[in-house]
>>> print(open('input-v8.txt').read())   # compact mmCIF, C-alpha atoms
# COMPACT_ATOMS: atom_id res chain seq x y z
CA MET A 1217 -1.31 45.93 -122.87
CA SER A 1218 -4.09 46.91 -120.43
CA LEU A 1219 -5.81 48.95 -123.18
CA ILE A 1220 -5.96 45.91 -125.53
CA ASN A 1221 -7.37 43.74 -122.77
CA LYS A 1222 -9.98 46.35 -122.04
CA VAL A 1223 -11.07 46.51 -125.72
CA LEU A 1224 -11.30 42.71 -125.97
CA ARG A 1225 -13.29 42.47 -122.77
CA ASP A 1226 -15.68 45.16 -124.03
CA LEU A 1227 -16.31 43.26 -127.27
CA GLU A 1228 -16.90 39.95 -125.48
CA ALA A 1229 -19.32 41.55 -123.04
CA ARG A 1230 -21.38 43.06 -125.87
CA GLU A 1231 -21.54 39.71 -127.66
CA ARG A 1232 -22.84 38.06 -124.51
CA ASP A 1233 -25.47 40.77 -124.11
CA GLN A 1234 -26.70 40.22 -127.65
CA GLN A 1235 -26.96 36.47 -127.09
CA THR A 1236 -28.89 36.90 -123.86
CA SER A 1237 -31.26 39.41 -125.47
CA GLN A 1238 -32.05 36.95 -128.28
CA SER A 1239 -32.66 34.08 -125.86
CA ARG A 1240 -34.91 36.16 -123.58
CA PRO A 1241 -38.29 34.30 -123.05
CA VAL A 1242 -40.56 37.09 -124.34
CA LEU A 1243 -42.13 35.17 -127.18
CA ALA A 1244 -41.22 31.64 -126.06
CA ASP A 1245 -44.36 30.16 -127.60
CA LEU A 1246 -43.54 31.55 -131.05
CA ARG A 1247 -41.12 30.08 -133.52
CA ALA A 1248 -38.35 32.15 -135.09
CA ALA A 1249 -38.54 32.70 -138.76
CA PRO A 1250 -35.79 31.00 -140.65
CA GLU A 1251 -32.90 33.32 -141.49
CA SER A 1252 -32.14 33.81 -145.13
CA PRO A 1253 -28.77 32.55 -146.47
CA GLU A 1254 -27.80 35.95 -147.87
CA ARG A 1255 -28.24 37.63 -144.51
CA SER A 1256 -26.12 34.98 -142.78
CA ARG A 1257 -23.34 35.43 -145.33
CA VAL A 1258 -23.40 39.21 -144.83
CA SER A 1259 -23.20 38.87 -141.06
CA ARG A 1260 -20.30 36.42 -141.34
CA ALA A 1261 -18.38 38.75 -143.64
CA THR A 1262 -19.07 41.61 -141.26
CA TRP A 1263 -17.73 39.69 -138.30
CA LEU A 1264 -14.67 38.56 -140.27
CA LEU A 1265 -13.91 42.14 -141.25
CA PHE A 1266 -14.43 43.20 -137.65
CA ALA A 1267 -11.94 40.54 -136.41
CA VAL A 1268 -9.30 41.61 -138.96
CA LEU A 1269 -9.75 45.24 -137.92
CA ILE A 1270 -9.34 44.32 -134.24
CA ALA A 1271 -6.16 42.34 -134.98
CA ALA A 1272 -4.71 45.29 -136.93
CA ILE A 1273 -5.52 47.63 -134.06
CA ALA A 1274 -3.87 45.23 -131.59
CA VAL A 1275 -0.72 45.04 -133.72
CA VAL A 1276 -0.54 48.85 -133.99
CA VAL A 1277 -1.03 49.25 -130.25
CA ALA A 1278 1.55 46.55 -129.46
CA TRP A 1279 4.06 48.14 -131.85
CA THR A 1280 3.49 51.56 -130.21
CA ILE A 1281 3.94 50.14 -126.70
CA GLY A 1282 7.00 48.15 -127.82
CA ARG A 1283 8.70 51.30 -129.10
CA GLY A 1284 8.07 53.08 -125.81
CA SER A 1285 9.20 50.27 -123.49
CA GLY A 1286 11.95 48.71 -125.66
CA LYS A 1287 10.23 45.27 -125.83
CA ALA A 1288 9.23 43.24 -128.90
CA PRO A 1289 5.63 43.71 -130.14
CA ALA A 1290 5.12 39.99 -130.55
CA ALA A 1291 5.70 39.42 -126.85
CA VAL A 1292 3.18 42.11 -125.97
CA VAL A 1293 0.52 40.62 -128.27
CA ALA A 1294 1.16 37.16 -126.82
CA ARG A 1295 0.74 38.47 -123.30
CA ALA A 1296 -2.45 40.30 -124.30
CA SER A 1297 -3.93 37.13 -125.78
CA ILE A 1298 -3.06 35.03 -122.74
CA ALA A 1299 -4.51 37.45 -120.15
CA PRO A 1300 -8.02 36.32 -119.05
CA PRO A 1301 -10.78 38.79 -119.94
CA LYS A 1302 -12.94 40.41 -117.30
CA ALA A 1303 -16.59 41.27 -117.75
CA VAL A 1304 -17.38 44.97 -118.03
CA PRO A 1305 -21.04 45.96 -117.44
CA VAL A 1306 -22.53 47.81 -120.42
CA ALA A 1307 -26.02 49.34 -120.61
CA PRO A 1308 -28.33 47.19 -122.78
CA SER A 1309 -29.71 50.21 -124.64
CA ALA A 1310 -26.31 51.47 -125.68
CA VAL A 1311 -25.51 49.17 -128.58
CA ALA A 1312 -22.88 50.61 -130.93
CA SER A 1313 -22.10 49.54 -134.42
CA PRO A 1314 -18.79 47.82 -135.30
CA LYS A 1315 -17.46 50.97 -136.96
CA ALA A 1316 -18.21 53.10 -133.90
CA ARG A 1317 -16.53 50.52 -131.64
CA ALA A 1318 -13.45 50.43 -133.86
CA SER A 1319 -13.18 54.22 -133.79
CA GLN A 1320 -13.49 54.21 -130.01
CA ALA A 1321 -10.75 51.53 -129.77
CA ILE A 1322 -8.44 53.62 -131.98
CA LEU A 1323 -9.03 56.68 -129.82
CA ARG A 1324 -8.36 54.68 -126.67
CA ALA A 1325 -5.19 53.10 -128.13
CA ARG A 1326 -3.39 56.41 -128.40
CA PRO A 1327 -0.21 56.50 -126.30
CA LEU A 1328 -0.56 58.27 -123.01
CA ALA A 1329 1.41 61.39 -122.24
CA LYS A 1330 4.58 61.04 -120.21
CA PRO A 1331 3.82 61.56 -116.50
CA ALA A 1332 5.29 64.52 -114.73
CA HIS A 1333 7.05 62.28 -112.22
CA ALA A 1334 9.12 60.40 -114.83
CA PRO A 1335 12.62 59.50 -113.62
CA VAL A 1336 15.33 61.92 -114.53
CA PHE A 1337 18.63 60.33 -115.56
CA VAL A 1338 21.65 62.11 -114.16
CA SER A 1339 25.11 61.40 -115.49
CA SER A 1340 27.54 59.88 -112.97
CA ALA A 1341 30.60 61.22 -114.71
CA ARG A 1342 32.77 63.40 -112.52
CA PRO A 1343 33.40 66.95 -113.58
CA PRO A 1344 36.85 67.54 -114.96
CA ALA A 1345 39.27 68.49 -112.21
CA ALA A 1346 41.45 71.50 -112.49
CA PRO A 1347 45.06 70.63 -113.36
CA HIS A 1348 47.38 70.47 -110.33
CA ARG A 1349 49.99 73.08 -110.28
CA VAL A 1350 53.41 71.50 -109.89
CA THR A 1351 55.88 73.48 -107.87
CA HIS A 1352 59.55 72.58 -107.96
CA ARG A 1353 61.56 73.16 -104.85
CA ALA A 1354 65.25 73.55 -104.99
CA ARG A 1355 67.27 70.91 -103.11
CA PRO A 1356 69.46 72.15 -100.32
CA ALA A 1357 73.15 71.96 -100.89
CA SER A 1358 73.61 69.39 -98.08
CA ALA A 1359 71.16 66.92 -99.70
CA SER A 1360 72.92 66.78 -103.04
CA ILE A 1361 74.53 63.48 -104.09
CA SER A 1362 78.28 63.48 -103.85
CA ARG A 1363 80.32 61.66 -106.46
CA HIS A 1364 83.34 61.38 -104.22
CA ARG A 1365 83.96 58.02 -102.52
CA LYS A 1366 83.42 58.09 -98.78
CA PRO A 1367 86.53 56.90 -96.91
CA LEU A 1368 86.25 53.74 -94.78
CA THR A 1369 86.32 53.94 -91.02
CA ALA A 1370 89.03 52.25 -88.97
CA THR A 1371 86.72 49.39 -88.06
CA GLU A 1372 85.75 48.84 -91.70
CA GLN A 1373 89.38 48.88 -92.77
CA ALA A 1374 90.26 46.29 -90.11
CA GLN A 1375 87.40 44.03 -91.18
CA ALA A 1376 88.37 44.26 -94.84
CA ALA A 1377 92.00 43.40 -94.05
CA TYR A 1378 90.91 40.44 -91.91
CA ARG A 1379 88.83 39.08 -94.81
CA ARG A 1380 91.82 39.40 -97.12
CA ALA A 1381 93.94 37.46 -94.61
CA VAL A 1382 91.40 34.62 -94.45
CA GLN A 1383 91.28 34.46 -98.24
CA ALA A 1384 95.08 34.35 -98.38
CA LEU A 1385 95.17 31.46 -95.87
CA GLN A 1386 92.61 29.56 -97.91
CA ALA A 1387 94.88 30.04 -100.91
CA GLY A 1388 97.88 28.75 -98.87
CA ASP A 1389 99.79 32.07 -98.75
CA SER A 1390 100.70 32.56 -95.06
CA GLY A 1391 103.03 35.48 -95.79
CA GLN A 1392 100.27 37.49 -97.47
CA ALA A 1393 97.95 36.57 -94.62
CA ARG A 1394 100.38 37.85 -91.98
CA ALA A 1395 100.77 41.13 -93.88
CA ALA A 1396 97.01 41.59 -94.10
CA LEU A 1397 96.62 40.85 -90.38
CA ARG A 1398 99.25 43.43 -89.48
CA ALA A 1399 97.40 45.95 -91.64
CA ALA A 1400 94.20 45.15 -89.72
CA LEU A 1401 95.97 45.74 -86.38
CA ARG A 1402 97.40 49.03 -87.63
CA ALA A 1403 93.90 50.19 -88.57
CA ARG A 1404 92.42 49.05 -85.24
CA PRO A 1405 94.96 47.86 -82.61
CA ALA A 1406 92.22 46.64 -80.26
CA SER A 1407 90.95 43.99 -82.70
CA LEU A 1408 91.05 40.58 -81.02
CA ARG A 1409 90.47 38.16 -83.90
CA PRO A 1410 93.29 39.49 -86.11
CA ALA A 1411 95.65 39.41 -83.10
CA LEU A 1412 94.85 35.78 -82.22
CA LEU A 1413 95.21 34.63 -85.83
CA LEU A 1414 98.49 36.51 -86.28
CA ALA A 1415 99.91 35.08 -83.00
CA THR A 1416 98.96 31.55 -84.08
CA LEU A 1417 100.74 32.00 -87.42
CA ASP A 1418 103.78 33.43 -85.64
CA ILE A 1419 103.92 30.45 -83.26
CA GLN A 1420 103.69 28.00 -86.16
CA GLY A 1421 106.39 29.91 -88.00
CA ALA A 1422 108.64 30.09 -84.89
CA HIS A 1423 108.26 33.89 -84.67
CA LEU A 1424 107.89 33.68 -80.90
CA ARG A 1425 109.02 37.21 -80.07
CA SER A 1426 106.52 38.72 -82.49
CA ALA A 1427 103.82 36.44 -81.12
CA ARG A 1428 104.55 37.55 -77.55
CA GLN A 1429 104.24 41.24 -78.49
CA VAL A 1430 100.98 40.71 -80.30
CA LEU A 1431 99.50 38.68 -77.42
CA ARG A 1432 100.53 41.14 -74.72
CA ALA A 1433 98.91 43.98 -76.68
CA ALA A 1434 95.76 41.89 -77.09
CA LEU A 1435 95.62 41.07 -73.35
CA HIS A 1436 96.11 44.74 -72.52
CA ALA A 1437 92.97 45.55 -74.55
CA HIS A 1438 91.09 42.35 -73.58
CA PRO A 1439 92.35 41.09 -70.18
CA ARG A 1440 89.69 38.33 -69.97
CA ALA A 1441 90.43 36.78 -73.34
CA LEU A 1442 91.21 33.12 -72.46
CA PRO A 1443 92.55 32.17 -75.95
CA ALA A 1444 95.16 34.92 -75.68
CA VAL A 1445 96.19 33.67 -72.22
CA MET A 1446 96.65 30.09 -73.43
CA LEU A 1447 98.61 31.18 -76.53
CA LEU A 1448 100.93 33.28 -74.38
CA ALA A 1449 101.52 30.26 -72.09
CA GLN A 1450 102.44 28.16 -75.13
CA VAL A 1451 104.92 30.84 -76.22
CA ASP A 1452 106.49 30.70 -72.73
CA LEU A 1453 106.74 26.92 -72.85
CA ARG A 1454 108.39 27.02 -76.30
CA GLN A 1455 110.83 29.60 -75.09
CA GLY A 1456 111.76 27.39 -72.08
CA ARG A 1457 109.99 29.38 -69.38
CA PRO A 1458 107.46 26.95 -67.89
CA ALA A 1459 107.27 28.89 -64.60
CA ASP A 1460 106.04 31.99 -66.48
CA ALA A 1461 103.51 29.85 -68.31
CA ALA A 1462 102.27 28.30 -65.03
CA ARG A 1463 102.05 31.77 -63.48
CA THR A 1464 100.10 33.16 -66.44
CA LEU A 1465 97.66 30.24 -66.44
CA GLY A 1466 97.32 30.14 -62.64
CA GLY A 1467 95.96 33.69 -62.66
CA ALA A 1468 93.23 32.74 -65.15
CA GLN A 1469 91.72 29.67 -63.47
CA ALA A 1470 88.37 31.43 -63.12
CA LEU A 1471 88.31 32.00 -66.88
CA GLY A 1472 89.45 28.49 -67.91
CA ALA A 1473 87.48 26.38 -65.42
CA ALA A 1474 85.08 25.26 -68.18
CA SER A 1475 87.87 24.15 -70.59
CA HIS A 1476 89.56 20.75 -70.27
CA SER A 1477 92.42 21.99 -72.48
CA PHE A 1478 93.14 24.73 -69.94
CA TRP A 1479 93.57 22.20 -67.09
CA ALA A 1480 95.81 19.97 -69.19
CA LEU A 1481 98.04 22.95 -70.17
CA LEU A 1482 98.21 24.22 -66.57
CA ALA A 1483 99.19 20.78 -65.24
CA ALA A 1484 101.83 20.31 -67.99
CA SER A 1485 103.31 23.77 -67.24
CA ARG A 1486 103.56 23.04 -63.50
CA LEU A 1487 105.00 19.58 -64.14
CA ARG A 1488 107.70 21.01 -66.44
CA ALA A 1489 108.38 23.68 -63.84
CA GLY A 1490 109.01 20.93 -61.24
CA ASP A 1491 105.81 21.42 -59.29
CA GLN A 1492 104.48 17.82 -59.17
CA ALA A 1493 101.93 18.53 -56.42
CA GLY A 1494 100.58 21.52 -58.36
CA ALA A 1495 100.39 19.42 -61.53
CA LEU A 1496 98.53 16.62 -59.70
CA SER A 1497 96.13 19.19 -58.22
CA ALA A 1498 95.47 20.62 -61.70
CA TYR A 1499 94.72 17.15 -63.13
CA ARG A 1500 92.35 16.30 -60.30
CA ASN A 1501 90.50 19.64 -60.58
CA GLY A 1502 90.09 19.02 -64.27
CA LEU A 1503 88.80 15.46 -63.74
CA LYS A 1504 86.18 16.74 -61.30
CA ARG A 1505 84.68 18.77 -64.13
CA PHE A 1506 85.51 16.35 -67.00
CA PRO A 1507 85.56 12.77 -65.65
CA GLY A 1508 85.40 11.28 -69.12
CA ASP A 1509 88.54 12.99 -70.47
CA GLY A 1510 91.14 10.27 -71.18
CA SER A 1511 94.11 12.64 -71.57
CA LEU A 1512 93.60 13.98 -68.03
CA TRP A 1513 93.58 10.41 -66.62
CA VAL A 1514 96.78 9.65 -68.49
CA GLY A 1515 98.41 12.81 -67.09
CA GLU A 1516 97.35 12.02 -63.54
CA GLY A 1517 98.77 8.48 -63.85
CA LEU A 1518 102.04 9.90 -65.17
CA VAL A 1519 102.36 12.33 -62.21
CA GLU A 1520 101.48 9.56 -59.74
CA SER A 1521 104.13 7.33 -61.29
CA GLN A 1522 106.79 10.07 -60.99
CA MET A 1523 105.84 10.60 -57.36
CA GLY A 1524 106.26 6.85 -56.71
CA HIS A 1525 102.56 6.02 -56.38
CA THR A 1526 102.52 3.02 -58.73
CA GLY A 1527 99.16 1.64 -57.59
CA ARG A 1528 97.42 4.99 -58.08
CA ALA A 1529 99.13 5.40 -61.43
CA HIS A 1530 97.86 2.01 -62.69
CA LEU A 1531 94.39 2.82 -61.38
CA ALA A 1532 94.37 6.11 -63.34
CA TRP A 1533 95.62 4.39 -66.50
CA ARG A 1534 92.99 1.67 -66.28
CA GLN A 1535 90.38 4.42 -65.97
CA ALA A 1536 91.85 6.07 -69.07
CA LEU A 1537 91.24 2.91 -71.12
CA HIS A 1538 87.49 3.40 -70.63
CA CYS A 1539 87.68 6.86 -72.23
CA PRO A 1540 88.40 7.97 -75.81
CA LEU A 1541 92.17 8.14 -76.42
CA THR A 1542 94.42 8.97 -79.31
CA PRO A 1543 96.44 6.06 -80.75
CA VAL A 1544 99.64 7.41 -79.14
CA LEU A 1545 98.13 7.66 -75.65
CA ALA A 1546 96.42 4.27 -75.99
CA ARG A 1547 99.76 2.53 -76.80
CA PHE A 1548 101.48 4.36 -73.92
CA VAL A 1549 98.81 3.28 -71.39
CA GLN A 1550 98.94 -0.34 -72.53
CA ALA A 1551 102.72 -0.34 -72.30
CA GLN A 1552 102.63 1.09 -68.76
CA LEU A 1553 100.08 -1.44 -67.58
CA GLN A 1554 102.15 -4.29 -69.05
CA GLY A 1555 105.23 -2.97 -67.24
CA GLY A 1556 107.00 -1.45 -70.24
CA GLY A 1557 107.45 2.00 -68.66
CA GLY A 1558 108.42 5.19 -70.40
CA ALA A 1559 106.53 8.36 -71.30
CA PRO A 1560 104.42 8.58 -74.45
CA GLN A 1561 106.30 9.84 -77.48
CA LYS A 1562 104.65 12.41 -79.73
CA ARG A 1563 104.85 11.82 -83.45
>>> encode(input="input-v8.txt", output="structure tokens")
Amino acid sequence: MSLINKVLRDLEARERDQQTSQSRPVLADLRAAPESPERSRVSRATWLLFAVLIAAIAVVVAWTIGRGSGKAPAAVVARASIAPPKAVPVAPSAVASPKARASQAILRARPLAKPAHAPVFVSSARPPAAPHRVTHRARPASASISRHRKPLTATEQAQAAYRRAVQALQAGDSGQARAALRAALRARPASLRPALLLATLDIQGAHLRSARQVLRAALHAHPRALPAVMLLAQVDLRQGRPADAARTLGGAQALGAASHSFWALLAASRLRAGDQAGALSAYRNGLKRFPGDGSLWVGEGLVESQMGHTGRAHLAWRQALHCPLTPVLARFVQAQLQGGGGAPQKR
């Protein structure tokens, strides 16, 4: 594109020089002879031929540059025509003919040689890597997979039997549940949950001797298990041994201090054993920790009434009416306050 601009600028500069040489005031006082029509036609044809030749040269040069740079020739010609020409000084004596100028333009329009510092394109593809050699190591005999089923541990057997017992109870089969619980205790005798559940089922089924054995074994393995202590006291009460029940519960007061059911069971055991003062003490200790328990107020009023303290008994029963009560205890308290007397009957 710079070569075309240079050729065009050269031609324009020479035309300006010719015009200035004709208008030079050498013979200003003389008139120019009129130019003949034939000569003017010849000069116009010459200039028209010269313009066509220049356009052909420009197209050839643009096509050559377009092939080298990858751009369209039309865009190059358009850019060459838009670029403003610059004046190039030319000697006035060196006036060349149109043919000589065309030959010089053709020589100058030849494509330049590729410079030595042209960029070298290097492929970014990675060389092929050598294949990795796979080595197989033999597995040791200890790491091989065994197809034999691994036997369950004693703890796992006990847990599985306990789950079967719970499922049997949900299905309503207490006999199957008791068998599964015994299997759990055979697998792991120190299991507490199977022992408590089996003792509860034995008490409900009137198997008191079996329940006592199970609970004693559980307390031997877990001496601080409060549920086992309370179940054993209930077995003693059902077997008619309230003194043993009171003795068993009295030794676990530190464990059952935070349970209102423990104080009620201890007081009932002492009362049935004939220890009214001990029963009253148990009710009062329980009410210190649970002042809103209505059953404890009812029990204290009953002990006070048996001891002949009618005023204290009525005061305790009135306090019980301000606490939640079962329908049976509520009717008993109202009957006592109205002077009906009698102990509450369990349905």
>>> atom_distance(input="input-v8.txt", atom1="CA of Leu1413 (chain A)", atom2="CA of Ala1395 (chain A)")
11.7 Å
>>> closest_residue(input="input-v8.txt", among="A:Ala1444, A:Ile1273, A:Ala1422, A:Leu1412", to="Leu1471 (chain A)", atoms="all atoms listed in the file")
A:Ala1444
>>> residues_around(input="input-v8.txt", residues="region 1369-1371 of chain A", least_positions_apart="2", cutoff="9 Å", atoms="only C-alpha atoms", output="short mmCIF file (atom, residue, chain, number, x, y, z; two decimals) with C-alpha atoms, in the coordinates of the input")
data_model
loop_
_atom_site.label_atom_id
_atom_site.label_comp_id
_atom_site.auth_asym_id
_atom_site.auth_seq_id
_atom_site.Cartn_x
_atom_site.Cartn_y
_atom_site.Cartn_z
CA PRO A 1367 86.53 56.90 -96.91
CA GLN A 1373 89.38 48.88 -92.77
CA ALA A 1374 90.26 46.29 -90.11
CA GLN A 1375 87.40 44.03 -91.18
CA ALA A 1376 88.37 44.26 -94.84
CA ALA A 1400 94.20 45.15 -89.72
CA ALA A 1403 93.90 50.19 -88.57
CA ARG A 1404 92.42 49.05 -85.24
CA SER A 1407 90.95 43.99 -82.70
#
>>> atom_distance(input="input-v8.txt", atom1="CA of Asp1491 (chain A)", atom2="CA of Leu1518 (chain A)")
13.5 Å
>>> atom_distance(input="input-v8.txt", atom1="CA of Gln1554 (chain A)", atom2="CA of Leu1496 (chain A)")
23.2 Å
>>> closest_residue(input="input-v8.txt", among="A:Leu1553, A:Val1519, A:Leu1269, A:Leu1385", to="Arg1534 (chain A)", atoms="all atoms listed in the file")
A:Leu1553
>>> residues_around(input="input-v8.txt", residues="Arg1486 (chain A)", least_positions_apart="6", cutoff="10 Å", atoms="all atoms listed in the file", output="list of chain:residue names")
A:Pro1458, A:Ala1459, A:Asp1460, A:Ala1461, A:Ala1462, A:Arg1463, A:Leu1465, A:Gly1466, A:Gln1492, A:Ala1493, A:Gly1494, A:Ala1495, A:Leu1496, A:Ser1497, A:Ala1498
>>> write_last_selection(input="input-v8.txt", atoms="C-alpha atoms", output="tab-separated table (two decimals), keeping the file's coordinate frame")
chain	number	residue	atom	x	y	z
A	1458	PRO	CA	107.46	26.95	-67.89
A	1459	ALA	CA	107.27	28.89	-64.60
A	1460	ASP	CA	106.04	31.99	-66.48
A	1461	ALA	CA	103.51	29.85	-68.31
A	1462	ALA	CA	102.27	28.30	-65.03
A	1463	ARG	CA	102.05	31.77	-63.48
A	1465	LEU	CA	97.66	30.24	-66.44
A	1466	GLY	CA	97.32	30.14	-62.64
A	1492	GLN	CA	104.48	17.82	-59.17
A	1493	ALA	CA	101.93	18.53	-56.42
A	1494	GLY	CA	100.58	21.52	-58.36
A	1495	ALA	CA	100.39	19.42	-61.53
A	1496	LEU	CA	98.53	16.62	-59.70
A	1497	SER	CA	96.13	19.19	-58.22
A	1498	ALA	CA	95.47	20.62	-61.70
